[in-house]
$ cat work_19.json   # JSON, C-alpha atoms
[["chain", "number", "residue", "atom", "x", "y", "z"],
["S", 257, "MET", "CA", 77.62, -40.08, 66.10],
["S", 258, "VAL", "CA", 74.63, -37.90, 65.50],
["S", 259, "ARG", "CA", 72.48, -40.46, 67.18],
["S", 260, "LEU", "CA", 74.66, -40.48, 70.30],
["S", 261, "LEU", "CA", 74.58, -36.71, 70.49],
["S", 262, "LYS", "CA", 70.77, -36.68, 70.30],
["S", 263, "GLN", "CA", 70.60, -39.20, 73.11],
["S", 264, "MET", "CA", 72.86, -37.09, 75.31],
["S", 265, "ILE", "CA", 70.83, -33.93, 74.68],
["S", 266, "SER", "CA", 67.48, -35.62, 75.16],
["S", 267, "SER", "CA", 68.57, -37.25, 78.42],
["S", 268, "GLU", "CA", 67.96, -35.24, 81.63],
["S", 269, "LYS", "CA", 70.40, -37.18, 83.74],
["S", 270, "GLY", "CA", 73.22, -35.00, 85.24],
["S", 271, "GLN", "CA", 72.11, -31.68, 83.71],
["S", 272, "ALA", "CA", 71.31, -30.09, 87.12],
["S", 273, "LEU", "CA", 74.66, -31.00, 88.66],
["S", 274, "PRO", "CA", 76.77, -28.30, 86.94],
["S", 275, "ILE", "CA", 74.19, -25.67, 87.87],
["S", 276, "VAL", "CA", 74.15, -26.78, 91.52],
["S", 277, "LEU", "CA", 77.93, -26.82, 91.65],
["S", 278, "ALA", "CA", 78.10, -23.33, 90.15],
["S", 279, "LEU", "CA", 75.58, -22.02, 92.70],
["S", 280, "LEU", "CA", 77.53, -23.59, 95.54],
["S", 281, "VAL", "CA", 80.74, -21.98, 94.37],
["S", 282, "LEU", "CA", 78.99, -18.60, 93.91],
["S", 283, "GLY", "CA", 77.34, -18.87, 97.32],
["S", 284, "GLY", "CA", 80.64, -19.74, 98.96],
["S", 285, "LEU", "CA", 82.25, -16.67, 97.42],
["S", 286, "THR", "CA", 79.46, -14.25, 98.45],
["S", 287, "ILE", "CA", 78.24, -15.54, 101.82],
["S", 288, "ALA", "CA", 81.43, -14.71, 103.76],
["S", 289, "PRO", "CA", 81.68, -11.07, 102.55],
["S", 290, "SER", "CA", 77.93, -10.61, 103.07],
["S", 291, "LEU", "CA", 78.12, -11.85, 106.65],
["S", 292, "SER", "CA", 81.16, -9.66, 107.29],
["S", 293, "TYR", "CA", 79.34, -6.62, 105.89],
["S", 294, "ALA", "CA", 76.24, -7.36, 107.98],
["S", 295, "ALA", "CA", 78.36, -7.73, 111.13],
["S", 296, "THR", "CA", 80.19, -4.46, 110.40],
["S", 297, "SER", "CA", 76.91, -2.65, 109.75],
["S", 298, "LEU", "CA", 75.36, -3.92, 112.99],
["S", 299, "ASN", "CA", 78.46, -3.01, 114.95],
["S", 300, "GLY", "CA", 78.53, 0.47, 113.41],
["S", 301, "SER", "CA", 74.87, 1.02, 114.26],
["S", 302, "ARG", "CA", 75.52, -0.09, 117.83],
["S", 303, "ILE", "CA", 78.49, 2.26, 118.21],
["S", 304, "LEU", "CA", 76.49, 5.16, 116.73],
["S", 305, "ALA", "CA", 73.54, 4.54, 119.06],
["S", 306, "GLU", "CA", 75.93, 4.21, 121.99],
["S", 307, "GLY", "CA", 77.59, 7.51, 121.06],
["S", 308, "VAL", "CA", 74.25, 9.34, 120.91],
["S", 309, "ASN", "CA", 73.22, 7.92, 124.27],
["S", 310, "GLY", "CA", 76.62, 8.92, 125.64],
["S", 311, "ILE", "CA", 76.18, 12.51, 124.45],
["S", 312, "TYR", "CA", 72.82, 12.74, 126.21],
["S", 313, "ALA", "CA", 74.37, 11.28, 129.37],
["S", 314, "ALA", "CA", 77.35, 13.68, 129.32],
["S", 315, "ASP", "CA", 74.97, 16.57, 128.60],
["S", 316, "ALA", "CA", 73.06, 15.67, 131.76],
["S", 317, "GLY", "CA", 76.33, 15.88, 133.68],
["S", 318, "VAL", "CA", 77.05, 19.40, 132.43],
["S", 319, "GLU", "CA", 73.49, 20.50, 133.20],
["S", 320, "ASP", "CA", 73.77, 19.12, 136.74],
["S", 321, "ALA", "CA", 77.04, 21.00, 137.32],
["S", 322, "LEU", "CA", 75.46, 24.21, 135.98],
["S", 323, "TRP", "CA", 72.47, 23.87, 138.29],
["S", 324, "CYS", "CA", 74.78, 23.41, 141.27],
["S", 325, "LEU", "CA", 76.90, 26.47, 140.38],
["S", 326, "GLU", "CA", 73.81, 28.63, 139.87],
["S", 327, "ASN", "CA", 72.52, 27.62, 143.29],
["S", 328, "GLY", "CA", 75.79, 28.01, 145.17],
["S", 329, "ILE", "CA", 76.37, 24.26, 145.55],
["S", 330, "SER", "CA", 79.65, 22.52, 144.83],
["S", 331, "PRO", "CA", 79.15, 20.33, 141.72],
["S", 332, "PRO", "CA", 79.56, 16.56, 142.20],
["S", 333, "GLN", "CA", 82.42, 14.63, 140.64],
["S", 334, "GLN", "CA", 80.01, 11.97, 139.38],
["S", 335, "LEU", "CA", 76.27, 11.69, 138.86],
["S", 336, "PRO", "CA", 74.73, 9.51, 141.58],
["S", 337, "GLU", "CA", 72.79, 7.44, 139.04],
["S", 338, "ASN", "CA", 73.70, 6.05, 135.64],
["S", 339, "ILE", "CA", 72.20, 7.80, 132.61],
["S", 340, "ASN", "CA", 71.38, 5.60, 129.60],
["S", 341, "GLN", "CA", 73.20, 2.75, 131.41],
["S", 342, "MET", "CA", 76.37, 4.87, 131.57],
["S", 343, "GLN", "CA", 78.39, 6.40, 134.37],
["S", 344, "VAL", "CA", 78.97, 10.16, 134.11],
["S", 345, "ALA", "CA", 82.09, 11.75, 135.64],
["S", 346, "ILE", "CA", 82.17, 15.55, 136.06],
["S", 347, "GLN", "CA", 85.14, 17.90, 136.39],
["S", 348, "THR", "CA", 84.51, 21.58, 137.21],
["S", 349, "GLU", "CA", 87.40, 24.06, 136.96],
["S", 350, "GLU", "CA", 87.03, 27.64, 138.22],
["S", 351, "LYS", "CA", 89.06, 29.94, 135.97],
["S", 352, "GLY", "CA", 88.48, 33.29, 137.70],
["S", 353, "THR", "CA", 86.64, 36.51, 136.91],
["S", 354, "TYR", "CA", 86.20, 37.41, 133.24],
["S", 355, "THR", "CA", 84.22, 39.81, 131.10],
["S", 356, "LEU", "CA", 82.92, 39.45, 127.55],
["S", 357, "TYR", "CA", 84.60, 41.73, 125.02],
["S", 358, "LEU", "CA", 84.33, 41.33, 121.23],
["S", 359, "GLY", "CA", 83.01, 37.81, 121.72],
["S", 360, "GLU", "CA", 85.95, 36.69, 123.87],
["S", 361, "LEU", "CA", 86.53, 36.15, 127.57],
["S", 362, "ILE", "CA", 88.98, 38.75, 128.91],
["S", 363, "GLN", "CA", 90.21, 39.20, 132.46],
["S", 364, "PRO", "CA", 89.14, 42.67, 133.65],
["S", 365, "GLY", "CA", 91.51, 45.11, 135.35],
["S", 366, "GLU", "CA", 92.07, 45.17, 139.09],
["S", 367, "HIS", "CA", 89.68, 48.11, 139.53],
["S", 368, "SER", "CA", 87.07, 47.23, 136.93],
["S", 369, "ASP", "CA", 84.40, 48.17, 139.48],
["S", 370, "TYR", "CA", 85.34, 51.82, 138.92],
["S", 371, "LEU", "CA", 83.00, 51.74, 135.90],
["S", 372, "ASP", "CA", 79.56, 50.29, 135.23],
["S", 373, "VAL", "CA", 78.38, 49.38, 131.71],
["S", 374, "ASP", "CA", 74.82, 48.72, 130.58],
["S", 375, "GLY", "CA", 73.33, 48.00, 127.16],
["S", 376, "ASP", "CA", 69.66, 48.77, 126.51],
["S", 377, "MET", "CA", 67.60, 47.96, 123.40],
["S", 378, "VAL", "CA", 64.28, 49.78, 122.84],
["S", 379, "GLU", "CA", 61.95, 49.44, 119.83],
["S", 380, "GLU", "CA", 61.31, 52.79, 118.14],
["S", 381, "GLU", "CA", 59.17, 51.42, 115.31],
["S", 382, "PRO", "CA", 58.60, 47.95, 113.82],
["S", 383, "GLY", "CA", 61.98, 46.45, 113.03],
["S", 384, "VAL", "CA", 63.93, 49.54, 114.20],
["S", 385, "TYR", "CA", 65.54, 49.65, 117.66],
["S", 386, "LYS", "CA", 67.48, 52.29, 119.55],
["S", 387, "TYR", "CA", 70.48, 50.76, 121.29],
["S", 388, "THR", "CA", 72.18, 52.68, 124.09],
["S", 389, "ILE", "CA", 75.43, 51.79, 125.84],
["S", 390, "THR", "CA", 75.64, 53.66, 129.15],
["S", 391, "VAL", "CA", 78.97, 54.05, 130.96],
["S", 392, "THR", "CA", 78.68, 55.25, 134.57],
["S", 393, "LEU", "CA", 81.54, 56.29, 136.86],
["S", 394, "GLN", "CA", 81.67, 54.42, 140.18],
["S", 395, "HIS", "CA", 84.76, 56.18, 141.61],
["S", 396, "GLU", "CA", 85.97, 59.68, 142.42],
["S", 397, "SER", "CA", 88.79, 59.70, 139.86],
["S", 398, "THR", "CA", 88.55, 60.71, 136.19],
["S", 399, "ILE", "CA", 88.80, 57.79, 133.78],
["S", 400, "HIS", "CA", 89.41, 58.28, 130.08],
["S", 401, "LEU", "CA", 87.93, 55.82, 127.59],
["S", 402, "VAL", "CA", 89.56, 54.34, 124.50],
["S", 403, "GLU", "CA", 86.87, 51.95, 123.18],
["S", 404, "VAL", "CA", 83.13, 51.40, 123.47],
["S", 405, "GLY", "CA", 81.12, 48.68, 121.80],
["S", 406, "ALA", "CA", 78.39, 46.09, 121.88],
["S", 407, "ARG", "CA", 77.39, 42.70, 120.60],
["S", 408, "ILE", "CA", 73.94, 43.07, 119.07],
["S", 409, "PRO", "CA", 71.54, 40.11, 118.73],
["S", 410, "VAL", "CA", 71.80, 37.63, 115.87],
["S", 411, "GLY", "CA", 69.68, 38.79, 112.92],
["S", 412, "TYR", "CA", 70.19, 42.52, 113.62],
["S", 413, "SER", "CA", 72.55, 44.99, 111.96],
["S", 414, "TYR", "CA", 73.83, 48.51, 112.56],
["S", 415, "GLN", "CA", 72.03, 51.33, 110.75],
["S", 416, "SER", "CA", 74.84, 53.12, 108.98],
["S", 417, "GLY", "CA", 75.43, 56.69, 110.18],
["S", 418, "SER", "CA", 72.91, 56.44, 113.01],
["S", 419, "ALA", "CA", 75.47, 57.22, 115.74],
["S", 420, "ASN", "CA", 75.77, 60.69, 114.19],
["S", 421, "SER", "CA", 72.13, 61.33, 115.20],
["S", 422, "PHE", "CA", 73.10, 61.64, 118.87],
["S", 423, "ALA", "CA", 75.39, 64.60, 119.56],
["S", 424, "GLU", "CA", 76.08, 63.50, 123.14],
["S", 425, "ASN", "CA", 77.65, 60.21, 121.96],
["S", 426, "LEU", "CA", 81.17, 59.18, 122.85],
["S", 427, "SER", "CA", 81.67, 58.87, 119.09],
["S", 428, "THR", "CA", 79.50, 60.11, 116.22],
["S", 429, "ASN", "CA", 81.98, 59.07, 113.54],
["S", 430, "ASP", "CA", 81.46, 55.78, 111.67],
["S", 431, "ASP", "CA", 85.10, 55.98, 110.55],
["S", 432, "GLU", "CA", 85.96, 55.00, 114.13],
["S", 433, "LEU", "CA", 83.63, 52.00, 113.97],
["S", 434, "THR", "CA", 84.76, 48.43, 113.32],
["S", 435, "GLN", "CA", 82.15, 45.75, 112.59],
["S", 436, "THR", "CA", 82.91, 42.03, 112.75],
["S", 437, "LEU", "CA", 80.80, 38.88, 112.87],
["S", 438, "ASP", "CA", 81.24, 36.38, 115.69],
["S", 439, "THR", "CA", 80.92, 32.62, 115.27],
["S", 440, "SER", "CA", 77.17, 32.79, 116.00],
["S", 441, "GLY", "CA", 76.55, 35.32, 113.23],
["S", 442, "ALA", "CA", 76.06, 38.31, 115.57],
["S", 443, "TRP", "CA", 77.59, 41.70, 114.73],
["S", 444, "LEU", "CA", 80.23, 43.06, 117.11],
["S", 445, "LEU", "CA", 80.35, 46.88, 116.96],
["S", 446, "ASN", "CA", 83.40, 48.67, 118.39],
["S", 447, "TRP", "CA", 84.22, 52.40, 118.30],
["S", 448, "ASP", "CA", 87.88, 53.39, 118.69],
["S", 449, "LEU", "CA", 87.93, 56.53, 120.90],
["S", 450, "SER", "CA", 91.69, 56.93, 121.21],
["S", 451, "SER", "CA", 91.79, 60.13, 119.14],
["S", 452, "SER", "CA", 89.09, 62.01, 121.07],
["S", 453, "ASN", "CA", 89.90, 60.37, 124.41],
["S", 454, "PRO", "CA", 86.60, 61.18, 126.17],
["S", 455, "GLY", "CA", 86.22, 60.43, 129.85],
["S", 456, "VAL", "CA", 83.91, 60.12, 132.83],
["S", 457, "SER", "CA", 84.47, 62.27, 135.90],
["S", 458, "GLN", "CA", 82.73, 63.64, 138.98],
["S", 459, "GLU", "CA", 81.48, 66.54, 136.84],
["S", 460, "ASN", "CA", 80.39, 64.25, 133.99],
["S", 461, "PRO", "CA", 79.82, 60.79, 135.53],
["S", 462, "VAL", "CA", 77.71, 59.30, 132.70],
["S", 463, "GLN", "CA", 78.61, 58.84, 129.03],
["S", 464, "THR", "CA", 76.53, 57.14, 126.35],
["S", 465, "GLN", "CA", 76.84, 55.68, 122.89],
["S", 466, "THR", "CA", 73.47, 55.50, 121.14],
["S", 467, "PHE", "CA", 72.67, 54.21, 117.66],
["S", 468, "TYR", "CA", 69.98, 52.39, 115.69],
["S", 469, "ILE", "CA", 69.88, 48.73, 114.70],
["S", 470, "THR", "CA", 67.40, 46.96, 112.46],
["S", 471, "GLY", "CA", 66.27, 43.36, 112.33],
["S", 472, "GLU", "CA", 63.90, 40.84, 113.83],
["S", 473, "GLY", "CA", 63.99, 37.76, 116.01],
["S", 474, "SER", "CA", 65.22, 37.00, 119.51],
["S", 475, "GLN", "CA", 66.78, 39.91, 121.39],
["S", 476, "GLU", "CA", 68.82, 37.67, 123.65],
["S", 477, "GLY", "CA", 72.60, 37.67, 123.77],
["S", 478, "HIS", "CA", 73.37, 41.39, 123.46],
["S", 479, "TYR", "CA", 75.83, 43.13, 125.78],
["S", 480, "GLY", "CA", 78.11, 46.18, 125.89],
["S", 481, "TRP", "CA", 81.66, 46.95, 126.99],
["S", 482, "VAL", "CA", 84.13, 49.78, 127.40],
["S", 483, "ALA", "CA", 87.93, 49.95, 127.54],
["S", 484, "ALA", "CA", 89.74, 52.53, 129.68],
["S", 485, "ASN", "CA", 93.33, 53.67, 129.17],
["S", 486, "ARG", "CA", 94.12, 53.33, 132.87],
["S", 487, "GLN", "CA", 96.03, 50.10, 133.39],
["S", 488, "ASP", "CA", 94.27, 49.28, 136.65],
["S", 489, "VAL", "CA", 90.82, 49.61, 135.04],
["S", 490, "GLY", "CA", 91.31, 48.12, 131.58],
["S", 491, "LEU", "CA", 88.29, 46.37, 130.09],
["S", 492, "VAL", "CA", 84.86, 46.62, 131.67],
["S", 493, "GLY", "CA", 81.98, 44.59, 130.29],
["S", 494, "GLU", "CA", 78.27, 44.41, 130.92],
["S", 495, "ILE", "CA", 78.56, 40.61, 131.08],
["S", 496, "THR", "CA", 81.06, 39.88, 133.86],
["S", 497, "GLY", "CA", 81.27, 36.94, 136.22],
["S", 498, "THR", "CA", 83.15, 33.82, 137.28],
["S", 499, "SER", "CA", 84.26, 31.62, 134.41],
["S", 500, "TYR", "CA", 84.10, 27.82, 134.71],
["S", 501, "LYS", "CA", 85.21, 24.97, 132.49],
["S", 502, "ILE", "CA", 82.91, 21.95, 132.92],
["S", 503, "THR", "CA", 83.94, 18.57, 131.51],
["S", 504, "ALA", "CA", 81.49, 15.64, 131.60],
["S", 505, "MET", "CA", 82.50, 12.18, 130.43],
["S", 506, "ALA", "CA", 80.15, 9.22, 129.87],
["S", 507, "THR", "CA", 81.62, 5.73, 130.16],
["S", 508, "ARG", "CA", 80.35, 2.16, 129.98],
["S", 509, "PRO", "CA", 80.33, 0.60, 133.48],
["S", 510, "GLY", "CA", 81.54, -2.76, 132.22],
["S", 511, "ASP", "CA", 84.82, -1.88, 130.52],
["S", 512, "GLY", "CA", 85.15, 1.85, 131.23],
["S", 513, "ARG", "CA", 85.07, 2.74, 127.54],
["S", 514, "THR", "CA", 84.33, 6.44, 126.93],
["S", 515, "THR", "CA", 81.26, 6.94, 124.77],
["S", 516, "ALA", "CA", 81.06, 10.75, 124.85],
["S", 517, "LYS", "CA", 82.79, 13.79, 126.33],
["S", 518, "ILE", "CA", 81.36, 17.31, 126.52],
["S", 519, "VAL", "CA", 83.40, 20.40, 127.43],
["S", 520, "ALA", "CA", 81.52, 23.62, 128.26],
["S", 521, "ASP", "CA", 82.89, 27.08, 129.05],
["S", 522, "VAL", "CA", 80.37, 29.11, 131.04],
["S", 523, "MET", "CA", 80.28, 32.36, 132.97],
["S", 524, "ILE", "CA", 78.08, 32.88, 136.01],
["S", 525, "GLY", "CA", 77.48, 36.15, 137.82],
["S", 526, "GLU", "CA", 74.75, 38.42, 139.18],
["S", 527, "GLY", "CA", 72.03, 35.80, 138.65],
["S", 528, "MET", "CA", 73.06, 35.29, 135.03],
["S", 529, "THR", "CA", 74.46, 32.26, 133.23],
["S", 530, "TYR", "CA", 76.17, 32.78, 129.88],
["S", 531, "ILE", "CA", 77.25, 29.79, 127.76],
["S", 532, "ILE", "CA", 80.47, 30.65, 125.95],
["S", 533, "SER", "CA", 81.00, 27.28, 124.24],
["S", 534, "TRP", "CA", 79.51, 23.79, 124.37],
["S", 535, "GLN", "CA", 81.52, 21.19, 122.46],
["S", 536, "VAL", "CA", 81.49, 17.44, 122.00],
["S", 537, "ALA", "CA", 85.16, 16.51, 122.40],
["S", 538, "ARG", "CA", 87.03, 13.47, 121.09]]
$ encode --input "work_19.json" --output "structure tokens"
Amino acid sequence: MVRLLKQMISSEKGQALPIVLALLVLGGLTIAPSLSYAATSLNGSRILAEGVNGIYAADAGVEDALWCLENGISPPQQLPENINQMQVAIQTEEKGTYTLYLGELIQPGEHSDYLDVDGDMVEEEPGVYKYTITVTLQHESTIHLVEVGARIPVGYSYQSGSANSFAENLSTNDDELTQTLDTSGAWLLNWDLSSSNPGVSQENPVQTQTFYITGEGSQEGHYGWVAANRQDVGLVGEITGTSYKITAMATRPGDGRTTAKIVADVMIGEGMTYIISWQVAR
């Protein structure tokens, strides 16, 4: 018995077969999932790359529509050439005249041209700026004001109590001031004037609200506004113009599958273009 066992152990015949069979079984169990994973990964990478290319293509459609609106040309419904091997359809909707107030688009009153609003930012010393909102009467009637405010640039903040430094202000009281942050991180300053109810008239056609802000960085994106208690005047903003909703959709020419869609809300007026929102939609 011992002798037979020694012969079996010392013999090399058939010893590789169980190993080969085990490897075949193991390979059969792992190859299919591995191939499936590789196919899924490749497909995911392709879809991701296609989506990025689609976003660039749709972005080109929005830019083309903006250029047309800025130059008084009716935007096309489709780009004449494919971008990134994709067709780009464009829809432009005119929404009417709006003004920016507290970071939102608001329809002004019927006689909003009775008032003019301007916001001016001047550096007094490094990092310190004097900001002045000027409200000017454009009509013969007296108009009383209930709010005055401004959006100051991102990275800047109101210097507490600085409105009290200017006696001619519509409001010198910080208790009447409300400060909120918009979605971009810019401070929105708004003075409630309902208690004092100041106005502009033929005898006093210009009113101002001056204060100091501190900060550094780009000075773009600031604007002022005023609200009047006359129903036919309502809100008047420094940034006023025609609002448009532009939708650009990129699709594959072969099967028409949508790869990207961009929706932009913009306002254009007096040689100015203001982007309200720019979103990649589902």
$ atom_distance --input "work_19.json" --atom1 "atom CA of Asn338 of chain S" --atom2 "atom CA of Thr529 of chain S"
26.3 Å
$ closest_residue --input "work_19.json" --among "S:Met505, S:Val462, S:Ala423, S:Ala314" --to "His395 of chain S" --atoms "all atoms listed in the file"
S:Val462
$ residues_around --input "work_19.json" --residues "segment 405-408 of chain S" --least-positions-apart "3" --cutoff "10 Å" --atoms "all atoms listed in the file" --output "ChimeraX atom specification"
/S:356-359,374-375,377,387-389,411-414,433-438,442-448,465,469,475-483,493-494
$ atom_distance --input "work_19.json" --atom1 "atom CA of Val489 of chain S" --atom2 "atom CA of Tyr530 of chain S"
22.9 Å
$ residues_around --input "work_19.json" --residues "Ser457 of chain S" --least-positions-apart "3" --cutoff "9 Å" --atoms "only C-alpha atoms" --output "number ranges by chain"
S: 393, 395-400, 460-462
$ atom_distance --input "work_19.json" --atom1 "atom CA of Ser452 of chain S" --atom2 "atom CA of Gln363 of chain S"
25.5 Å
$ residues_around --input "work_19.json" --residues "Ala345 of chain S" --least-positions-apart "3" --cutoff "6 Å" --atoms "all atoms listed in the file" --output "VMD selection string"
chain S and resid 333 to 334 504 to 505
$ closest_residue --input "work_19.json" --among "S:Val410, S:Glu360, S:Gln463, S:Thr503" --to "Ile532 of chain S" --atoms "only C-alpha atoms"
S:Glu360
$ residues_around --input "work_19.json" --residues "Pro336 of chain S" --least-positions-apart "5" --cutoff "12 Å" --atoms "all atoms listed in the file" --output "PDB file with C-alpha atoms, in the frame of the given file"
ATOM      1  CA  ALA S 316      73.060  15.670 131.760  1.00  0.00           C
ATOM      2  CA  GLY S 317      76.330  15.880 133.680  1.00  0.00           C
ATOM      3  CA  ASP S 320      73.770  19.120 136.740  1.00  0.00           C
ATOM      4  CA  PRO S 331      79.150  20.330 141.720  1.00  0.00           C
ATOM      5  CA  MET S 342      76.370   4.870 131.570  1.00  0.00           C
ATOM      6  CA  GLN S 343      78.390   6.400 134.370  1.00  0.00           C
ATOM      7  CA  VAL S 344      78.970  10.160 134.110  1.00  0.00           C
ATOM      8  CA  ALA S 345      82.090  11.750 135.640  1.00  0.00           C
ATOM      9  CA  ILE S 346      82.170  15.550 136.060  1.00  0.00           C
TER      10      ILE S 346
END
